[in-house]
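With mmCIF, C-alpha atoms inside, this is work26.cif:
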```cif
data_model
loop_
_atom_site.group_PDB
_atom_site.id
_atom_site.type_symbol
_atom_site.label_atom_id
_atom_site.label_comp_id
_atom_site.auth_asym_id
_atom_site.auth_seq_id
_atom_site.Cartn_x
_atom_site.Cartn_y
_atom_site.Cartn_z
ATOM 1 C CA MET A 1 0.000 0.000 0.000
ATOM 2 C CA ASP A 2 1.233 3.459 -0.891
ATOM 3 C CA GLN A 3 1.942 5.009 2.525
ATOM 4 C CA ARG A 4 2.276 8.527 1.102
ATOM 5 C CA LEU A 5 -1.297 8.261 -0.147
ATOM 6 C CA VAL A 6 -2.448 7.015 3.271
ATOM 7 C CA THR A 7 -0.689 9.968 4.947
ATOM 8 C CA TRP A 8 -2.384 12.366 2.516
ATOM 9 C CA ALA A 9 -5.768 10.738 3.234
ATOM 10 C CA CYS A 10 -5.317 11.068 6.999
ATOM 11 C CA ARG A 11 -5.100 14.841 6.538
ATOM 12 C CA ARG A 12 -8.244 14.850 4.341
ATOM 13 C CA LYS A 13 -10.467 12.728 6.579
ATOM 14 C CA ARG A 14 -13.590 14.546 7.766
ATOM 15 C CA ARG A 15 -15.910 13.419 10.516
ATOM 16 C CA ASN A 16 -19.192 12.016 9.140
ATOM 17 C CA GLY A 17 -18.079 12.596 5.552
ATOM 18 C CA PRO A 18 -17.225 9.984 2.946
ATOM 19 C CA PRO A 19 -13.845 8.290 3.356
ATOM 20 C CA PRO A 20 -10.984 10.061 1.563
ATOM 21 C CA LEU A 21 -9.689 6.825 -0.004
ATOM 22 C CA TRP A 22 -11.601 4.238 -2.037
ATOM 23 C CA LEU A 23 -10.414 0.896 -3.332
ATOM 24 C CA LEU A 24 -12.041 -0.013 -6.643
ATOM 25 C CA SER A 25 -12.154 -3.775 -6.849
ATOM 26 C CA ASP A 26 -10.732 -5.416 -9.955
ATOM 27 C CA ALA A 27 -11.175 -9.167 -10.353
ATOM 28 C CA ALA A 28 -8.206 -9.523 -12.713
ATOM 29 C CA ARG A 29 -5.750 -7.560 -10.585
ATOM 30 C CA MET A 30 -6.917 -8.647 -7.133
ATOM 31 C CA PRO A 31 -8.105 -12.246 -7.139
ATOM 32 C CA ASP A 32 -8.081 -12.210 -3.306
ATOM 33 C CA LEU A 33 -10.195 -9.123 -2.671
ATOM 34 C CA LEU A 34 -10.785 -9.941 1.001
ATOM 35 C CA ARG A 35 -7.032 -10.036 1.704
ATOM 36 C CA VAL A 36 -6.625 -6.598 0.114
ATOM 37 C CA VAL A 37 -9.522 -5.188 2.172
ATOM 38 C CA ARG A 38 -8.078 -6.666 5.386
ATOM 39 C CA ASN A 39 -4.965 -4.550 4.783
ATOM 40 C CA LEU A 40 -6.838 -1.250 4.370
ATOM 41 C CA PRO A 41 -6.398 1.282 7.172
ATOM 42 C CA LYS A 42 -9.417 1.096 9.504
ATOM 43 C CA GLY A 43 -11.916 3.920 9.241
ATOM 44 C CA LEU A 44 -10.098 5.662 6.373
ATOM 45 C CA CYS A 45 -11.328 3.816 3.289
ATOM 46 C CA GLY A 46 -14.258 2.720 1.237
ATOM 47 C CA VAL A 47 -14.600 -0.122 -1.259
ATOM 48 C CA VAL A 48 -16.341 0.025 -4.633
ATOM 49 C CA PHE A 49 -17.326 -3.616 -5.243
ATOM 50 C CA ARG A 50 -17.048 -4.161 -9.011
ATOM 51 C CA HIS A 51 -16.478 -7.925 -9.332
ATOM 52 C CA ASP A 52 -19.390 -7.990 -11.813
ATOM 53 C CA LEU A 53 -18.597 -11.289 -13.520
ATOM 54 C CA ALA A 54 -17.535 -13.295 -10.476
ATOM 55 C CA ALA A 55 -19.464 -16.560 -10.377
ATOM 56 C CA ASP A 56 -19.795 -16.258 -6.609
ATOM 57 C CA ARG A 57 -20.460 -12.498 -6.554
ATOM 58 C CA ALA A 58 -23.299 -12.617 -4.019
ATOM 59 C CA ALA A 59 -21.370 -14.841 -1.588
ATOM 60 C CA LEU A 60 -18.246 -12.721 -2.012
ATOM 61 C CA GLY A 61 -20.383 -9.641 -1.405
ATOM 62 C CA VAL A 62 -21.724 -11.064 1.867
ATOM 63 C CA ALA A 63 -18.193 -11.829 3.102
ATOM 64 C CA LEU A 64 -16.989 -8.423 1.936
ATOM 65 C CA ALA A 65 -19.848 -6.580 3.675
ATOM 66 C CA ARG A 66 -19.142 -8.412 6.934
ATOM 67 C CA LEU A 67 -15.427 -7.548 6.694
ATOM 68 C CA CYS A 68 -16.132 -3.913 5.825
ATOM 69 C CA ARG A 69 -18.429 -3.501 8.843
ATOM 70 C CA ALA A 70 -15.788 -5.008 11.141
ATOM 71 C CA ARG A 71 -13.097 -2.689 9.767
ATOM 72 C CA ARG A 72 -15.256 0.484 9.655
ATOM 73 C CA THR A 73 -14.877 0.564 5.878
ATOM 74 C CA ALA A 74 -17.625 2.001 3.671
ATOM 75 C CA LEU A 75 -18.989 -0.254 0.935
ATOM 76 C CA VAL A 76 -20.767 0.546 -2.324
ATOM 77 C CA VAL A 77 -21.856 -1.922 -4.991
ATOM 78 C CA ALA A 78 -21.502 -1.211 -8.699
ATOM 79 C CA GLY A 79 -24.033 -2.428 -11.220
ATOM 80 C CA ASP A 80 -26.518 -4.155 -8.909
ATOM 81 C CA ALA A 81 -28.929 -2.163 -6.749
ATOM 82 C CA ARG A 82 -30.563 -5.306 -5.352
ATOM 83 C CA LEU A 83 -27.240 -6.677 -4.154
ATOM 84 C CA ALA A 84 -26.414 -3.275 -2.648
ATOM 85 C CA ALA A 85 -29.711 -3.355 -0.731
ATOM 86 C CA ALA A 86 -29.167 -6.966 0.410
ATOM 87 C CA LEU A 87 -25.696 -6.061 1.695
ATOM 88 C CA ARG A 88 -26.947 -2.818 3.279
ATOM 89 C CA ALA A 89 -24.387 -1.008 1.166
ATOM 90 C CA GLY A 90 -24.385 2.145 -0.893
ATOM 91 C CA GLN A 91 -24.616 2.223 -4.665
ATOM 92 C CA HIS A 92 -21.993 3.076 -7.291
ATOM 93 C CA TRP A 93 -23.399 4.632 -10.468
ATOM 94 C CA ARG A 94 -21.329 4.214 -13.622
ATOM 95 C CA GLY A 95 -21.347 7.309 -15.798
ATOM 96 C CA GLY A 96 -23.362 9.070 -13.091
ATOM 97 C CA ARG A 97 -26.460 6.999 -13.968
ATOM 98 C CA ARG A 98 -28.432 6.361 -10.809
ATOM 99 C CA PHE A 99 -30.254 3.051 -10.367
ATOM 100 C CA LEU A 100 -34.043 3.055 -10.391
ATOM 101 C CA ILE A 101 -34.062 1.449 -6.938
ATOM 102 C CA LYS A 102 -33.702 3.990 -4.147
ATOM 103 C CA PRO A 103 -30.344 4.009 -2.350
ATOM 104 C CA GLN A 104 -30.083 2.756 1.228
ATOM 105 C CA PRO A 105 -30.583 5.611 3.712
ATOM 106 C CA GLY A 106 -27.478 6.511 5.677
ATOM 107 C CA ARG A 107 -25.095 4.947 3.130
ATOM 108 C CA PHE A 108 -22.657 6.771 0.886
ATOM 109 C CA ASN A 109 -23.316 6.638 -2.852
ATOM 110 C CA THR A 110 -20.603 7.122 -5.436
ATOM 111 C CA ALA A 111 -20.482 7.682 -9.185
ATOM 112 C CA SER A 112 -17.870 7.616 -11.897
ATOM 113 C CA ALA A 113 -17.780 10.493 -14.368
ATOM 114 C CA HIS A 114 -15.650 11.246 -17.400
ATOM 115 C CA ASN A 115 -17.183 14.499 -18.636
ATOM 116 C CA PRO A 116 -19.239 17.444 -17.319
ATOM 117 C CA ARG A 117 -22.591 15.858 -18.316
ATOM 118 C CA GLU A 118 -21.867 12.744 -16.225
ATOM 119 C CA VAL A 119 -20.669 14.826 -13.252
ATOM 120 C CA VAL A 120 -23.867 16.905 -13.305
ATOM 121 C CA ARG A 121 -25.996 13.738 -13.646
ATOM 122 C CA ALA A 122 -24.246 12.217 -10.615
ATOM 123 C CA ARG A 123 -24.675 15.393 -8.591
ATOM 124 C CA ARG A 124 -28.372 15.652 -9.439
ATOM 125 C CA GLY A 125 -28.808 11.972 -8.591
ATOM 126 C CA GLY A 126 -27.482 12.633 -5.101
ATOM 127 C CA ALA A 127 -24.004 11.078 -5.278
ATOM 128 C CA ASP A 128 -21.859 11.827 -2.244
ATOM 129 C CA VAL A 129 -18.648 11.172 -4.183
ATOM 130 C CA VAL A 130 -17.935 11.656 -7.891
ATOM 131 C CA PHE A 131 -14.839 9.882 -9.204
ATOM 132 C CA CYS A 132 -13.554 12.093 -12.032
ATOM 133 C CA SER A 133 -11.435 9.988 -14.343
ATOM 134 C CA PRO A 134 -9.036 9.150 -15.738
ATOM 135 C CA VAL A 135 -6.834 11.815 -14.197
ATOM 136 C CA LEU A 136 -3.581 10.163 -15.311
ATOM 137 C CA SER A 137 -2.570 7.143 -17.369
ATOM 138 C CA THR A 138 -3.911 3.956 -15.859
ATOM 139 C CA ALA A 139 -3.796 0.229 -16.543
ATOM 140 C CA SER A 140 -7.603 0.147 -16.263
ATOM 141 C CA HIS A 141 -7.999 2.304 -19.383
ATOM 142 C CA PRO A 142 -4.819 1.920 -21.457
ATOM 143 C CA GLY A 143 -4.452 4.614 -24.087
ATOM 144 C CA ALA A 144 -7.428 6.636 -22.821
ATOM 145 C CA ARG A 145 -7.257 10.409 -22.997
ATOM 146 C CA VAL A 146 -6.387 11.710 -19.516
ATOM 147 C CA LEU A 147 -7.660 14.792 -17.709
ATOM 148 C CA GLY A 148 -4.385 15.881 -16.112
ATOM 149 C CA SER A 149 -4.476 18.181 -13.095
ATOM 150 C CA LEU A 150 -6.058 21.128 -14.932
ATOM 151 C CA GLY A 151 -8.711 18.921 -16.556
ATOM 152 C CA PHE A 152 -9.502 17.370 -13.187
ATOM 153 C CA CYS A 153 -10.006 20.817 -11.630
ATOM 154 C CA ARG A 154 -12.297 21.862 -14.492
ATOM 155 C CA LEU A 155 -14.375 18.697 -14.180
ATOM 156 C CA ALA A 156 -14.474 18.949 -10.375
ATOM 157 C CA ALA A 157 -16.029 22.407 -10.709
ATOM 158 C CA PHE A 158 -19.236 20.767 -12.013
ATOM 159 C CA SER A 159 -19.606 18.562 -8.914
ATOM 160 C CA GLY A 160 -21.423 21.149 -6.798
ATOM 161 C CA GLY A 161 -22.421 19.562 -3.464
ATOM 162 C CA ALA A 162 -20.886 16.207 -4.347
ATOM 163 C CA LYS A 163 -17.240 15.723 -3.522
ATOM 164 C CA ALA A 164 -14.856 15.381 -6.485
ATOM 165 C CA TYR A 165 -12.432 12.489 -6.087
ATOM 166 C CA ALA A 166 -9.528 11.725 -8.408
ATOM 167 C CA LEU A 167 -9.348 8.332 -10.122
ATOM 168 C CA GLY A 168 -6.824 6.959 -12.565
ATOM 169 C CA GLY A 169 -3.082 6.740 -11.997
ATOM 170 C CA ILE A 170 -3.375 8.140 -8.481
ATOM 171 C CA ASP A 171 -0.639 7.524 -5.937
ATOM 172 C CA GLY A 172 1.013 9.388 -3.080
ATOM 173 C CA GLY A 173 3.046 11.533 -5.463
ATOM 174 C CA SER A 174 0.423 12.398 -8.061
ATOM 175 C CA ILE A 175 -2.346 13.258 -5.582
ATOM 176 C CA LYS A 176 -0.464 16.274 -4.229
ATOM 177 C CA VAL A 177 -0.596 18.207 -7.518
ATOM 178 C CA LEU A 178 -4.420 18.206 -7.585
ATOM 179 C CA GLY A 179 -4.783 20.748 -4.793
ATOM 180 C CA LYS A 180 -7.830 21.698 -2.737
ATOM 181 C CA ASN A 181 -10.378 20.735 -5.414
ATOM 182 C CA CYS A 182 -9.561 17.094 -4.754
ATOM 183 C CA ALA A 183 -11.568 15.817 -1.777
ATOM 184 C CA GLY A 184 -10.262 12.259 -2.040
ATOM 185 C CA ALA A 185 -9.069 9.520 -4.342
ATOM 186 C CA GLY A 186 -9.973 6.166 -5.764
ATOM 187 C CA ALA A 187 -7.284 3.692 -6.749
ATOM 188 C CA ILE A 188 -6.369 0.115 -7.494
ATOM 189 C CA ASP A 189 -2.608 -0.149 -7.909
ATOM 190 C CA ALA A 190 -1.841 2.193 -4.995
ATOM 191 C CA PHE A 191 -3.463 -0.366 -2.687
ATOM 192 C CA LEU A 192 -1.507 -3.217 -4.242
ATOM 193 C CA SER A 193 1.935 -1.528 -4.137
ATOM 194 C CA ARG A 194 4.590 -2.615 -1.650
ATOM 195 C CA GLU A 195 5.511 0.951 -0.570
#
```
Here is the file; what I need is its structure written in the form of structure tokens.
Amino acid sequence: MDQRLVTWACRRKRRNGPPPLWLLSDAARMPDLLRVVRNLPKGLCGVVFRHDLAADRAALGVALARLCRARRTALVVAGDARLAAALRAGQHWRGGRRFLIKPQPGRFNTASAHNPREVVRARRGGADVVFCSPVLSTASHPGARVLGSLGFCRLAAFSGGAKAYALGGIDGGSIKVLGKNCAGAGAIDAFLSRE
């Protein structure tokens, strides 16, 4: 885990607000998701559960929800509002598109956004966190056009009451150049690094 990113997140943590750091699950890059979550700092992180094609997704979700509660880690589910409700978790809306099923009260809801229209959609849908991406080059979207720090700040300006979080190529070094407009970060590789 990138300790510089953890240190940065400790300074960003706000009482009763969404966690400053979010792990986005990736079945290909983290076959043992529960082990990765066990190593997250308690009370500082959230998990976006995206193992969409896992054969045992519901069972993995139950185990993940139990672990997240024990570690004071927020949990949101991508792509399945019914599973989110069953796990008493928040929802993650891809492209800012909110599910038709109402979110769980008292849970954080997140959204990914790649352009101003998606950020505004997420904000109007009531997202607590909007992951603006990709900020930098990332293995998740090889060759994709990146926002860079200036593009991130421009996109974050559309987030209104939702908090703009950086996603894509984020680590303890890159997060510092995003400034005050960056309320938090989502990552994959930063949680898998040995730093």
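The gap separating CA of Arg71 in chain A from CA of Leu21 in chain A is 14.1 Å, in Å to one decimal.
Remark: for Asp52 in chain A, the closest of the candidate residues A:Cys153, A:Val37, A:Leu83, A:Val120 is A:Leu83 (distances computed over only C-alpha atoms).
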Task: Residues matched by the PyMOL selection byres ((chain A and resi 122-128) around 8) as a PyMOL selection string - done: chain A and resi 18+93+95-98+108-113+118-121+129-130+159-163
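Matched in the shown structure by the PyMOL selection byres ((chain A and resi 33-36) around 9): Ser25, Asp26, Ala27, Met30, Pro31, Asp32, Val37, Arg38, Asn39, Leu40, Leu60, Ala63, Leu64, Leu67, Phe191 and Leu192 of chain A.
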Task: Spatial sel., origin (-5.0, 1.7, -12.2), limit 7 Å, all atoms listed in the file, listed as a PyMOL selection string - done: chain A and resi 138-140+168-169+187-189
Open item on the list: Which residues would end up in the selection if the PyMOL selection byres ((chain A and resi 3) around 10) were applied here, given that I need the answer as a list in words?
Closed with: Met1, Asp2, Arg4, Leu5, Val6, Thr7, Trp8, Ala9, Asp171, Gly172, Ala190, Phe191, Ser193, Arg194 and Glu195 of chain A
Task: Counting only C-alpha atoms, the option among A:Leu155, A:Leu53, A:Val62, A:Cys45 closest to Ala185 in chain A - done: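 Of A:Leu155, A:Leu53, A:Val62, A:Cys45, the one nearest Ala185 in chain A is A:Cys45, counting only C-alpha atoms.
Restricting the calculation to all atoms listed in the file, the smallest distance between Gly184 in chain A and any of A:Phe131, A:Phe158, A:Leu75, A:Ala85 is found for A:Phe131.
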